[in-house]
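One file, model16.cif, is given below (mmCIF, C-alpha atoms and all ligand atoms).
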data_data
#
loop_
_atom_site.label_atom_id
_atom_site.label_comp_id
_atom_site.auth_asym_id
_atom_site.auth_seq_id
_atom_site.Cartn_x
_atom_site.Cartn_y
_atom_site.Cartn_z
CA MET A 12 9.31 38.64 -8.09
CA ARG A 13 11.37 36.84 -5.43
CA LYS A 14 10.19 33.36 -4.55
CA THR A 15 9.08 32.77 -0.94
CA ARG A 16 10.48 29.62 0.62
CA GLN A 17 8.68 26.93 2.56
CA ILE A 18 10.39 26.19 5.88
CA LEU A 19 11.04 22.50 5.24
CA ASP A 20 12.41 23.32 1.82
CA MET A 21 15.45 25.19 3.14
CA ASN A 22 18.71 23.34 2.71
CA ALA A 23 16.78 20.16 2.02
CA PHE A 24 18.02 17.16 0.10
CA ALA A 25 16.11 16.58 -3.12
CA PRO A 26 16.28 13.17 -4.82
CA GLY A 27 18.57 13.61 -7.79
CA ASP A 28 20.74 16.18 -5.95
CA ALA A 29 23.62 13.77 -5.51
CA ALA A 30 24.61 10.17 -6.12
CA GLN A 31 22.19 8.47 -3.75
CA THR A 32 23.75 6.17 -1.16
CA PRO A 33 21.91 2.96 -0.19
CA GLU A 34 21.26 4.51 3.25
CA VAL A 35 19.58 7.58 1.71
CA SER A 36 17.53 5.39 -0.65
CA ARG A 37 16.40 3.28 2.30
CA ARG A 38 15.35 6.45 4.17
CA LEU A 39 13.39 7.81 1.19
CA GLY A 40 11.71 4.45 0.75
CA ASN A 41 10.72 4.37 4.41
CA LEU A 42 9.55 7.96 4.95
CA GLY A 43 8.32 8.57 1.41
CA ALA A 44 7.04 12.01 0.41
CA ALA A 45 7.23 13.25 4.02
CA SER A 46 10.97 12.64 4.18
CA VAL A 47 13.11 15.73 4.90
CA LEU A 48 16.89 15.38 4.98
CA PHE A 49 19.40 18.20 5.33
CA TYR A 50 21.96 18.91 2.61
CA ARG A 51 22.31 17.92 -1.03
CA ASP A 52 24.55 15.18 0.24
CA PRO A 53 22.94 14.05 3.53
CA ILE A 54 25.08 13.26 6.57
CA GLU A 55 24.76 10.00 8.51
CA MET A 56 25.21 10.87 12.20
CA VAL A 57 26.25 8.33 14.82
CA ARG A 58 26.89 10.24 18.06
CA ALA A 59 27.12 13.72 19.59
CA GLU A 60 28.50 15.44 22.66
CA GLY A 61 28.41 19.08 23.80
CA ALA A 62 28.34 21.30 20.70
CA TRP A 63 29.69 18.55 18.43
CA MET A 64 28.12 15.84 16.25
CA GLU A 65 30.01 12.93 14.71
CA ALA A 66 29.25 11.31 11.36
CA ARG A 67 29.67 7.64 10.41
CA ASP A 68 32.87 8.51 8.48
CA GLY A 69 34.39 9.90 11.70
CA ARG A 70 34.08 13.56 10.67
CA ARG A 71 33.09 15.91 13.50
CA TYR A 72 30.73 18.85 12.99
CA LEU A 73 30.23 21.91 15.16
CA ASP A 74 26.46 22.16 15.62
CA PHE A 75 25.32 25.74 15.08
CA TYR A 76 21.87 24.72 13.93
CA ASN A 77 20.16 22.59 16.48
CA ASN A 78 18.49 24.24 19.46
CA VAL A 79 16.96 21.06 20.85
CA PRO A 80 20.01 19.68 22.74
CA SER A 81 20.34 23.16 24.15
CA VAL A 82 22.44 22.32 27.23
CA GLY A 83 24.71 20.23 25.00
CA HIS A 84 24.28 16.96 23.12
CA SER A 85 24.11 13.88 25.36
CA HIS A 86 24.52 15.98 28.51
CA PRO A 87 25.52 13.51 31.27
CA ALA A 88 23.06 14.95 33.83
CA VAL A 89 20.12 14.54 31.42
CA VAL A 90 21.27 11.08 30.34
CA ALA A 91 21.55 9.99 34.00
CA ALA A 92 18.14 11.43 34.94
CA VAL A 93 16.39 9.76 31.97
CA SER A 94 18.15 6.40 32.49
CA ASP A 95 17.41 6.37 36.20
CA GLN A 96 13.72 7.23 35.77
CA ILE A 97 13.04 4.84 32.89
CA GLY A 98 14.65 2.05 34.93
CA ARG A 99 12.18 2.66 37.76
CA LEU A 100 8.84 3.89 36.45
CA ASN A 101 7.35 5.35 33.31
CA THR A 102 3.60 5.85 33.11
CA ASN A 103 0.99 8.51 32.44
CA THR A 104 -0.41 11.43 34.46
CA ARG A 105 -3.38 9.43 35.80
CA TYR A 106 -1.19 8.34 38.69
CA VAL A 107 0.43 10.64 41.20
CA VAL A 108 4.15 10.48 40.51
CA GLN A 109 6.17 13.06 42.41
CA VAL A 110 8.79 13.83 39.79
CA VAL A 111 6.03 15.19 37.52
CA ASP A 112 4.85 17.67 40.14
CA ASP A 113 8.43 18.47 41.13
CA TYR A 114 9.01 19.43 37.52
CA ILE A 115 5.84 21.47 37.14
CA ASP A 116 6.58 23.31 40.41
CA ALA A 117 10.10 24.10 39.15
CA LEU A 118 8.70 25.35 35.84
CA LYS A 119 6.01 27.45 37.50
CA ALA A 120 8.66 29.10 39.67
CA ILE A 121 10.10 30.69 36.50
CA LEU A 122 6.79 31.45 34.74
CA PRO A 123 4.44 34.40 35.39
CA GLU A 124 2.56 33.66 38.61
CA ALA A 125 -0.87 33.83 36.96
CA LEU A 126 -0.05 30.86 34.70
CA ALA A 127 -0.58 28.36 37.47
CA ASN A 128 -1.71 25.38 35.37
CA VAL A 129 0.62 23.44 33.10
CA VAL A 130 -0.54 20.84 30.57
CA MET A 131 2.29 18.61 29.41
CA THR A 132 2.31 17.44 25.80
CA CYS A 133 4.77 15.60 23.55
CA SER A 134 5.41 18.31 20.97
CA GLY A 135 5.30 22.05 20.49
CA SER A 136 2.60 21.47 17.87
CA GLU A 137 0.33 19.81 20.42
CA ALA A 138 0.98 22.63 22.89
CA ASN A 139 0.07 25.31 20.31
CA ASP A 140 -2.98 23.34 19.15
CA LEU A 141 -4.27 23.24 22.70
CA ALA A 142 -3.39 26.91 23.29
CA LEU A 143 -5.45 27.98 20.27
CA ARG A 144 -8.38 25.87 21.40
CA VAL A 145 -8.18 27.38 24.90
CA ALA A 146 -8.01 30.90 23.44
CA ARG A 147 -11.08 30.22 21.32
CA ALA A 148 -13.00 28.79 24.27
CA VAL A 149 -12.13 31.79 26.47
CA SER A 150 -12.74 34.51 23.87
CA GLY A 151 -15.68 32.95 22.07
CA ALA A 152 -13.97 34.20 18.91
CA ARG A 153 -12.22 32.37 16.08
CA GLY A 154 -9.77 34.84 14.57
CA VAL A 155 -6.01 34.40 14.97
CA ILE A 156 -3.14 36.79 14.20
CA VAL A 157 0.33 35.41 13.43
CA SER A 158 3.48 36.76 11.82
CA GLU A 159 3.88 36.67 8.06
CA THR A 160 6.24 33.68 7.84
CA ALA A 161 5.32 31.99 11.12
CA TYR A 162 5.82 28.34 11.92
CA HIS A 163 3.95 26.95 14.93
CA GLY A 164 3.75 23.23 14.18
CA ASN A 165 2.13 20.40 12.30
CA THR A 166 -1.40 19.57 13.48
CA ASP A 167 -4.34 20.42 11.22
CA LEU A 168 -5.23 23.55 13.20
CA VAL A 169 -1.63 24.66 13.75
CA THR A 170 -0.64 24.15 10.11
CA GLN A 171 -3.38 26.63 9.28
CA VAL A 172 -1.55 29.27 11.36
CA SER A 173 1.91 28.35 9.99
CA PRO A 174 2.26 30.17 6.65
CA SER A 175 5.86 29.03 6.25
CA ALA A 176 4.63 25.43 5.99
CA TRP A 177 2.17 26.09 3.15
CA LYS A 178 3.18 24.96 -0.31
CA GLN A 179 0.10 26.63 -1.80
CA GLY A 180 -2.99 28.60 -0.85
CA SER A 181 -3.41 31.61 1.37
CA GLY A 182 -4.77 30.25 4.63
CA PRO A 183 -8.19 30.34 6.30
CA ASP A 184 -10.45 33.38 6.39
CA TRP A 185 -10.10 33.56 10.19
CA LEU A 186 -6.33 34.15 9.93
CA GLU A 187 -4.50 37.48 9.62
CA ARG A 188 -0.74 37.73 9.04
CA VAL A 189 1.39 40.67 10.14
CA PRO A 190 4.99 41.54 9.24
CA PRO A 191 7.50 40.83 12.04
CA PRO A 192 8.80 43.85 13.96
CA SER A 193 11.64 44.62 11.58
CA ALA A 194 13.03 48.03 10.67
CA GLY A 195 10.34 50.33 9.35
CA GLU A 196 7.46 48.13 10.53
CA ASP A 197 5.04 49.41 13.16
CA PHE A 198 4.09 46.11 14.79
CA GLU A 199 1.30 47.59 16.91
CA ALA A 200 -0.31 49.28 13.91
CA SER A 201 -0.18 46.04 11.89
CA VAL A 202 -1.75 44.05 14.72
CA CYS A 203 -4.50 46.68 15.15
CA ARG A 204 -5.26 46.51 11.41
CA ALA A 205 -5.33 42.71 11.55
CA ALA A 206 -7.68 42.72 14.56
CA ALA A 207 -10.02 45.18 12.83
CA ALA A 208 -10.03 43.03 9.67
CA LEU A 209 -10.93 39.89 11.66
CA GLN A 210 -13.73 41.77 13.39
CA ARG A 211 -15.04 43.14 10.09
CA ARG A 212 -15.18 39.60 8.70
CA GLY A 213 -17.15 38.45 11.75
CA HIS A 214 -14.48 36.18 13.26
CA GLY A 215 -13.51 38.32 16.25
CA VAL A 216 -10.06 37.97 17.79
CA ALA A 217 -9.21 34.81 19.73
CA ALA A 218 -5.43 35.20 19.85
CA LEU A 219 -2.22 36.84 18.82
CA LEU A 220 0.16 33.87 18.54
CA VAL A 221 3.84 34.76 18.13
CA ASP A 222 7.24 33.22 18.52
CA SER A 223 8.79 36.04 20.51
CA ILE A 224 12.04 35.96 18.52
CA PHE A 225 10.23 35.54 15.16
CA SER A 226 12.69 32.82 14.15
CA SER A 227 11.04 31.52 10.98
CA ASP A 228 10.44 35.12 9.86
CA GLY A 229 14.22 35.60 9.94
CA VAL A 230 15.00 36.32 13.66
CA PHE A 231 13.68 39.68 14.86
CA ALA A 232 14.43 40.24 18.52
CA ASP A 233 14.34 44.01 18.83
CA PRO A 234 13.51 46.46 20.12
CA PRO A 235 12.78 44.92 23.53
CA GLY A 236 9.25 45.92 24.48
CA VAL A 237 7.92 45.95 20.92
CA LEU A 238 5.24 43.36 21.74
CA ASP A 239 3.63 45.31 24.57
CA ALA A 240 1.40 47.73 22.69
CA ALA A 241 0.33 45.01 20.23
CA VAL A 242 -0.63 42.70 23.09
CA ALA A 243 -2.68 45.48 24.67
CA ALA A 244 -4.49 46.00 21.35
CA VAL A 245 -5.31 42.30 21.08
CA ARG A 246 -6.66 42.27 24.63
CA ARG A 247 -8.85 45.30 23.85
CA ALA A 248 -10.23 43.30 20.92
CA GLY A 249 -11.08 40.43 23.31
CA GLY A 250 -8.19 38.12 22.33
CA LEU A 251 -5.41 36.39 24.27
CA PHE A 252 -1.66 36.67 23.80
CA ILE A 253 -0.03 33.28 23.27
CA ALA A 254 3.77 33.39 23.55
CA ASP A 255 5.29 30.50 21.61
CA GLU A 256 8.56 29.90 23.46
CA VAL A 257 9.52 26.77 21.52
CA GLN A 258 12.47 28.66 19.99
CA PRO A 259 13.50 31.50 22.32
CA GLY A 260 12.71 29.89 25.69
CA PHE A 261 15.00 28.26 28.26
CA GLY A 262 17.66 30.97 28.45
CA ARG A 263 18.63 31.18 24.79
CA THR A 264 18.24 34.94 24.44
CA GLY A 265 20.70 35.51 27.29
CA SER A 266 19.09 38.52 28.91
CA ALA A 267 15.95 36.63 29.96
CA PHE A 268 14.85 33.05 30.50
CA TRP A 269 11.85 33.52 28.16
CA GLY A 270 11.60 35.50 24.94
CA PHE A 271 8.44 37.30 26.10
CA ALA A 272 10.22 38.36 29.32
CA ARG A 273 12.89 40.11 27.21
CA HIS A 274 10.03 42.23 25.89
CA GLY A 275 8.49 42.70 29.33
CA ALA A 276 5.23 41.31 27.89
CA GLU A 277 2.82 39.26 30.04
CA PRO A 278 1.35 36.36 28.05
CA ASP A 279 -2.04 34.80 28.75
CA ILE A 280 -0.68 31.45 27.56
CA VAL A 281 2.89 30.21 27.12
CA THR A 282 3.80 27.23 24.96
CA MET A 283 7.20 25.54 24.97
CA GLY A 284 9.02 22.49 23.63
CA LYS A 285 12.26 21.72 21.78
CA PRO A 286 15.01 22.52 24.39
CA MET A 287 12.74 21.59 27.30
CA GLY A 288 13.95 17.97 27.47
CA ASN A 289 17.27 18.47 25.64
CA GLY A 290 16.12 15.96 23.03
CA PHE A 291 13.74 13.89 25.12
CA PRO A 292 10.37 14.62 23.44
CA MET A 293 8.38 16.88 25.72
CA ALA A 294 6.46 20.14 25.51
CA ALA A 295 3.87 22.07 27.49
CA MET A 296 1.26 24.77 27.63
CA ALA A 297 1.01 27.02 30.70
CA ALA A 298 -2.26 28.88 31.24
CA ARG A 299 -4.43 30.58 33.83
CA PRO A 300 -6.62 28.11 35.76
CA ASP A 301 -9.84 29.94 34.79
CA HIS A 302 -8.84 29.85 31.10
CA LEU A 303 -8.09 26.13 31.20
CA ALA A 304 -11.35 25.54 33.08
CA ALA A 305 -13.29 27.41 30.36
CA PHE A 306 -11.84 25.01 27.77
CA CYS A 307 -12.43 21.92 29.91
CA ARG A 308 -16.11 22.76 30.34
CA ASP A 309 -16.75 21.51 26.80
CA VAL A 310 -14.11 18.87 26.30
CA GLY A 311 -11.52 17.02 28.35
CA TYR A 312 -7.82 16.77 27.63
CA PHE A 313 -5.59 13.76 28.14
CA ASN A 314 -2.26 13.04 26.52
CA THR A 315 -0.97 9.48 26.98
CA PHE A 316 2.72 10.33 26.81
CA GLY A 317 2.51 14.00 27.78
CA GLY A 318 3.92 14.52 31.28
CA ASN A 319 5.37 11.03 31.62
CA PRO A 320 7.84 10.71 34.52
CA VAL A 321 10.85 10.23 32.23
CA ALA A 322 10.06 13.51 30.46
CA ALA A 323 9.67 15.20 33.83
CA ALA A 324 13.05 13.84 34.97
CA ALA A 325 14.67 15.07 31.75
CA GLY A 326 13.03 18.49 32.13
CA LEU A 327 14.13 18.80 35.75
CA ALA A 328 17.72 17.93 34.79
CA VAL A 329 17.64 20.56 32.02
CA LEU A 330 16.45 23.29 34.39
CA ARG A 331 19.15 22.34 36.91
CA VAL A 332 21.92 22.34 34.30
CA ILE A 333 20.83 25.75 32.96
CA ARG A 334 20.95 27.12 36.52
CA ASP A 335 24.05 25.30 37.85
CA ASP A 336 26.19 25.79 34.73
CA GLY A 337 25.07 29.42 34.29
CA LEU A 338 23.96 28.72 30.71
CA GLN A 339 21.69 31.74 30.36
CA GLN A 340 24.64 33.94 31.35
CA ASN A 341 26.87 31.98 28.98
CA ALA A 342 24.34 32.59 26.19
CA ALA A 343 24.64 36.33 26.88
CA ARG A 344 28.47 36.26 26.96
CA MET A 345 29.03 33.97 23.98
CA GLY A 346 26.20 35.64 22.07
CA ALA A 347 27.93 39.02 22.47
CA ARG A 348 31.24 37.53 21.28
CA LEU A 349 29.53 35.91 18.32
CA ALA A 350 27.59 39.06 17.40
CA SER A 351 30.65 41.29 17.48
CA GLY A 352 32.61 38.79 15.36
CA LEU A 353 29.76 38.67 12.84
CA HIS A 354 29.57 42.46 12.71
CA ARG A 355 33.34 42.57 12.05
CA LEU A 356 32.93 40.10 9.18
CA ALA A 357 29.88 41.96 7.84
CA ALA A 358 32.03 45.10 7.57
CA THR A 359 34.35 43.25 5.19
CA SER A 360 31.73 41.54 2.99
CA LEU A 361 29.14 42.98 0.66
CA ARG A 362 27.27 39.69 0.94
CA ILE A 363 26.34 40.16 4.60
CA GLY A 364 23.45 42.52 5.23
CA ASP A 365 21.86 43.02 8.61
CA THR A 366 23.02 40.93 11.60
CA ARG A 367 20.63 40.86 14.56
CA GLY A 368 19.25 38.73 17.38
CA ALA A 369 19.63 38.12 21.08
CA GLY A 370 21.97 35.88 23.07
CA LEU A 371 22.73 32.70 21.17
CA PHE A 372 20.04 33.22 18.54
CA LEU A 373 21.25 35.41 15.70
CA GLY A 374 20.02 36.04 12.18
CA VAL A 375 22.43 37.06 9.42
CA ASP A 376 20.93 38.37 6.17
CA VAL A 377 22.72 37.24 3.03
CA VAL A 378 22.34 39.68 0.12
CA ASP A 379 23.50 40.13 -3.45
CA PRO A 380 25.75 43.09 -4.33
CA ASP A 381 22.59 45.26 -4.69
CA GLY A 382 21.49 44.40 -1.16
CA VAL A 383 18.64 42.09 -2.30
CA PRO A 384 18.04 38.86 -0.25
CA ASP A 385 20.06 36.10 -1.90
CA PRO A 386 18.90 32.53 -1.17
CA ASP A 387 21.41 30.99 -3.61
CA THR A 388 24.39 32.52 -1.83
CA THR A 389 22.78 31.54 1.50
CA SER A 390 22.70 27.96 0.27
CA ARG A 391 26.33 28.22 -0.91
CA ILE A 392 27.36 29.45 2.55
CA ILE A 393 25.43 26.67 4.32
CA ASN A 394 27.08 24.03 2.13
CA GLY A 395 30.49 25.73 2.39
CA LEU A 396 30.23 25.70 6.18
CA ARG A 397 29.32 22.04 6.09
CA ASP A 398 32.55 21.43 4.16
CA GLU A 399 34.32 23.38 6.93
CA GLY A 400 32.68 21.09 9.52
CA VAL A 401 29.99 23.53 10.75
CA LEU A 402 26.22 22.90 10.65
CA ILE A 403 23.93 25.89 10.17
CA GLY A 404 20.46 26.56 8.74
CA ALA A 405 18.39 29.25 7.03
CA ALA A 406 15.15 31.09 7.79
CA GLY A 407 13.11 34.05 6.59
CA LYS A 408 10.55 34.70 3.91
CA TYR A 409 13.05 34.11 1.09
CA GLY A 410 15.32 31.63 2.91
CA ALA A 411 18.12 34.20 2.82
CA THR A 412 18.78 34.62 6.54
CA LEU A 413 21.34 32.40 8.24
CA LYS A 414 19.97 31.09 11.52
CA VAL A 415 22.87 31.03 14.00
CA ARG A 416 21.66 28.95 16.93
CA PRO A 417 24.34 26.90 18.71
CA PRO A 418 23.88 25.12 22.06
CA LEU A 419 24.00 27.26 25.20
CA CYS A 420 27.11 25.45 26.49
CA LEU A 421 29.19 26.98 23.66
CA SER A 422 32.79 27.93 24.51
CA ALA A 423 34.77 30.97 23.35
CA ASP A 424 37.02 28.66 21.29
CA GLU A 425 33.96 27.26 19.51
CA VAL A 426 32.69 30.78 18.77
CA ASP A 427 36.09 31.65 17.28
CA LEU A 428 36.23 28.44 15.29
CA PHE A 429 32.84 29.25 13.75
CA LEU A 430 33.85 32.84 12.95
CA ALA A 431 37.06 31.68 11.27
CA ALA A 432 35.15 29.13 9.13
CA PHE A 433 32.45 31.67 8.29
CA GLY A 434 35.07 34.23 7.28
CA ARG A 435 36.72 31.71 4.90
CA VAL A 436 33.38 30.70 3.37
CA ILE A 437 32.10 34.23 2.71
CA ALA A 438 35.46 35.21 1.25
CA GLY A 439 35.42 32.10 -1.01
C1 LIG B 501 8.23 28.43 16.97
C2 LIG B 501 7.83 26.99 16.88
N1 LIG B 501 6.68 26.60 17.45
C3 LIG B 501 6.27 25.32 17.40
C4 LIG B 501 7.01 24.35 16.75
C5 LIG B 501 6.51 22.94 16.68
O1 LIG B 501 7.17 22.13 17.57
P1 LIG B 501 7.23 20.54 17.33
O2 LIG B 501 8.04 20.30 16.10
O3 LIG B 501 7.84 20.03 18.60
O4 LIG B 501 5.83 20.08 17.16
C6 LIG B 501 8.22 24.71 16.16
C7 LIG B 501 9.05 23.68 15.46
O5 LIG B 501 9.95 23.95 14.72
C8 LIG B 501 8.65 26.06 16.22
O6 LIG B 501 9.79 26.45 15.67
#

Rewrite the coordinates I just gave you, this time as structure tokens.
Ligand SMILES: Cc1ncc(COP(=O)(O)O)c(C=O)c1O
Amino acid sequence: MRKTRQILDMNAFAPGDAAQTPEVSRRLGNLGAASVLFYRDPIEMVRAEGAWMEARDGRRYLDFYNNVPSVGHSHPAVVAAVSDQIGRLNTNTRYVVQVVDDYIDALKAILPEALANVVMTCSGSEANDLALRVARAVSGARGVIVSETAYHGNTDLVTQVSPSAWKQGSGPDWLERVPPPSAGEDFEASVCRAAAALQRRGHGVAALLVDSIFSSDGVFADPPGVLDAAVAAVRRAGGLFIADEVQPGFGRTGSAFWGFARHGAEPDIVTMGKPMGNGFPMAAMAARPDHLAAFCRDVGYFNTFGGNPVAAAAGLAVLRVIRDDGLQQNAARMGARLASGLHRLAATSLRIGDTRGAGLFLGVDVVDPDGVPDPDTTSRIINGLRDEGVLIGAAGKYGATLKVRPPLCLSADEVDLFLAAFGRVIAG
């Protein structure tokens, strides 16, 4: 039987992997068992700009992994906005500070109109934690449906709905897992079965929580519209649809600003994070006012750092850069160039299975000659690309899908550079 892989285990350094440098030893000593470093031979980074990161030894790496600095590492507009705001005022949301409401107004202008309340948090995990609590308060039910290899964050509650983070066990009784909408899977039928199972066990259905590009499941973007019928089924069962936009949001999929919008689905709650501040830690949950009020009847919510003015300034700069630099359109154009190059390479290699995705978020299955998912070759490709000066990661149930996720400011030359390096590595 093939071994399933835990998300933090993919391409991770393990003590004993390589001759340990003093810097790596210091890191392990400081972070202990919770330490996670990339690569068998970890890289010490010192600076980054655009799509490029630079290591202490002066080597430059093309960043095809990191979707946090989505408008480009150290983008000057974000740096200026953050520096300016932190030099003037940084405080919490118990004061009226206009940049915070300017940001929320700008965000609401691109969200479904019904989601008129936004709660700012510091991480995607906090946003999903709150979203689940709101869904439970509104529905009066406890049951949650997620995808098979989902990752939604690191709080106690959210870890329980993040199977890809579990090292052992099978999750709580109030959780049902469904396969992502891949070939041959009827997503609606799976969600209906999951809802019925939760009802049979007396939990009811509080929410369907999905990352609308199913990134940790291995990147499943198609067919557009596949979420609709499943969402309708969850609503019939009394639950809410929570769209986790931490990965696909902010223009990455090219054809839409949000992953759920690509599917034409209307979420009851949207959560977001990662690219929102281009590296400045910020996240949010957007919900209907009556839903948020239902939650706040029992308990209040305050987040000391959530919604601080510096985060708002960073977020506003990110939205402006995406609009002014046409980054969503660039994601569509460069994504198409990247996808066609990958398809060309796949036609020449038995080791490349399915290639799929949307915009600048692609998944490339790595298989053995019999077409079986091949995590060892995936790891060889990841390390080979690192030797070529390209950073890339893995996802999927078996850790055998390459996650191709460069910044949205990517140029055609950078796409071609990646394809050339990838071609050499898979031929090697
Ligand atoms: C889909 C998804 N949701 C939520 C999270 C959690 O976000 P954070 O790490 O900011 O808490 C992640 C992080 O990887 C994610 O990929």

Select the residues contacting ligand LIG 501 (chain B) at a distance of at most 9 Å, based on only C-alpha atoms and all ligand atoms, then format the selection as a PDB file with C-alpha atoms, in the frame of the given file.
ATOM      1  CA  CYS A 133       4.770  15.600  23.550  1.00  0.00           C
ATOM      2  CA  SER A 134       5.410  18.310  20.970  1.00  0.00           C
ATOM      3  CA  GLY A 135       5.300  22.050  20.490  1.00  0.00           C
ATOM      4  CA  SER A 136       2.600  21.470  17.870  1.00  0.00           C
ATOM      5  CA  GLU A 137       0.330  19.810  20.420  1.00  0.00           C
ATOM      6  CA  ALA A 138       0.980  22.630  22.890  1.00  0.00           C
ATOM      7  CA  ASN A 139       0.070  25.310  20.310  1.00  0.00           C
ATOM      8  CA  ALA A 161       5.320  31.990  11.120  1.00  0.00           C
ATOM      9  CA  TYR A 162       5.820  28.340  11.920  1.00  0.00           C
ATOM     10  CA  HIS A 163       3.950  26.950  14.930  1.00  0.00           C
ATOM     11  CA  GLY A 164       3.750  23.230  14.180  1.00  0.00           C
ATOM     12  CA  ASN A 165       2.130  20.400  12.300  1.00  0.00           C
ATOM     13  CA  THR A 166      -1.400  19.570  13.480  1.00  0.00           C
ATOM     14  CA  VAL A 169      -1.630  24.660  13.750  1.00  0.00           C
ATOM     15  CA  VAL A 221       3.840  34.760  18.130  1.00  0.00           C
ATOM     16  CA  ASP A 222       7.240  33.220  18.520  1.00  0.00           C
ATOM     17  CA  SER A 223       8.790  36.040  20.510  1.00  0.00           C
ATOM     18  CA  ILE A 224      12.040  35.960  18.520  1.00  0.00           C
ATOM     19  CA  PHE A 225      10.230  35.540  15.160  1.00  0.00           C
ATOM     20  CA  SER A 226      12.690  32.820  14.150  1.00  0.00           C
ATOM     21  CA  SER A 227      11.040  31.520  10.980  1.00  0.00           C
ATOM     22  CA  ASP A 255       5.290  30.500  21.610  1.00  0.00           C
ATOM     23  CA  GLU A 256       8.560  29.900  23.460  1.00  0.00           C
ATOM     24  CA  VAL A 257       9.520  26.770  21.520  1.00  0.00           C
ATOM     25  CA  GLN A 258      12.470  28.660  19.990  1.00  0.00           C
ATOM     26  CA  PRO A 259      13.500  31.500  22.320  1.00  0.00           C
ATOM     27  CA  THR A 282       3.800  27.230  24.960  1.00  0.00           C
ATOM     28  CA  MET A 283       7.200  25.540  24.970  1.00  0.00           C
ATOM     29  CA  GLY A 284       9.020  22.490  23.630  1.00  0.00           C
ATOM     30  CA  LYS A 285      12.260  21.720  21.780  1.00  0.00           C
ATOM     31  CA  PRO A 292      10.370  14.620  23.440  1.00  0.00           C
ATOM     32  CA  MET A 293       8.380  16.880  25.720  1.00  0.00           C
ATOM     33  CA  ALA A 294       6.460  20.140  25.510  1.00  0.00           C
TER      34      ALA A 294
END

Expressed in Å to a single decimal, how great is the separation between CA of Met56 in chain A and CA of Glu34 in chain A?
11.7 Å

Could you state the separation of CA of Gly404 in chain A and CA of Val57 in chain A in Å, given to one decimal place?
20.1 Å

Applying 8 Å and only C-alpha atoms, which residues near Thr366 in chain A remain after dropping the ones on its own chain fewer than 6 positions away? List them as a PyMOL selection string.
chain A and resi 350+353-354+357+373-376

Could you pull the residues within 10 Å of Leu330 in chain A, counting all atoms listed in the file, minus those fewer than 3 positions along the same chain, as number ranges by chain?
A: 82, 89, 114, 117-118, 121, 261-262, 287-288, 325-327, 333-335, 338

List as a count of residues only the protein and nucleic acid residues near Ala66 in chain A, meaning an atom at most 10 Å away when all atoms listed in the file are counted, but skip any in the same chain fewer than 6 places from it.
7

Kindly give the distance, in Å, that separates CA of Val111 in chain A and CA of Ala323 in chain A, rounded to a single decimal.
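Those two atoms sit 5.2 Å apart.
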
Hey, what's within 7 Å of Glu60 in chain A if we count all atoms listed in the file and toss same-chain stuff fewer than 4 positions away? As number ranges by chain, please?
A: 64, 83-85

Nearest to Gln339 in chain A by atom-to-atom distance, counting only C-alpha atoms, from A:Ala324, A:Val415, A:Ala276, A:Ala369:
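That would be A:Ala369, the residue with the smallest distance to Gln339 in chain A.
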
Which polymer residues have any atom within 9 Å of an atom of Ala148 in chain A, counting all atoms listed in the file, with same-chain residues fewer than 3 positions away left out, as a list of chain:residue names?
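The residues satisfying every condition are A:Leu143, A:Arg144, A:Val145, A:Gly151, A:Ala152, A:Arg153, A:Ala217, A:His302, A:Leu303, A:Ala305, A:Phe306, A:Cys307, A:Asp309.
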
Counting only C-alpha atoms, closest pick from A:Leu168, A:Val110, A:Val321, A:Ile253 relative to Asp95 in chain A is A:Val321

Produce a table with one row for each residue of range 295-370 of chain A that has an atom at most 8 Å from any atom of range 378-389 of chain A, each row naming the nearest atom pair and its distance in Å at one decimal; use all atoms listed in the file; arrange rows by chain and rising residue number; format as CSV.
residue,atom,partner,partner_atom,distance
A:Leu361,CA,A:Pro380,CA,6.0
A:Arg362,CA,A:Val378,CA,5.0
A:Ile363,CA,A:Val378,CA,6.0
A:Gly364,CA,A:Val378,CA,6.0

For a quick check of understanding, using only C-alpha atoms, which of A:Ala295, A:Cys203, A:Arg397, A:Ser81 has the smallest distance to Asp52 in chain A?
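Closest candidate: A:Arg397.
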
Taking every listed atom of range 277-292 of chain A and adding 4 Å to each side, what centre and edge lengths in Å (one decimal) does the axis-aligned box have, as JSON?
{"center_x": 7.6, "center_y": 26.6, "center_z": 25.9, "size_x": 27.3, "size_y": 33.4, "size_z": 16.3}
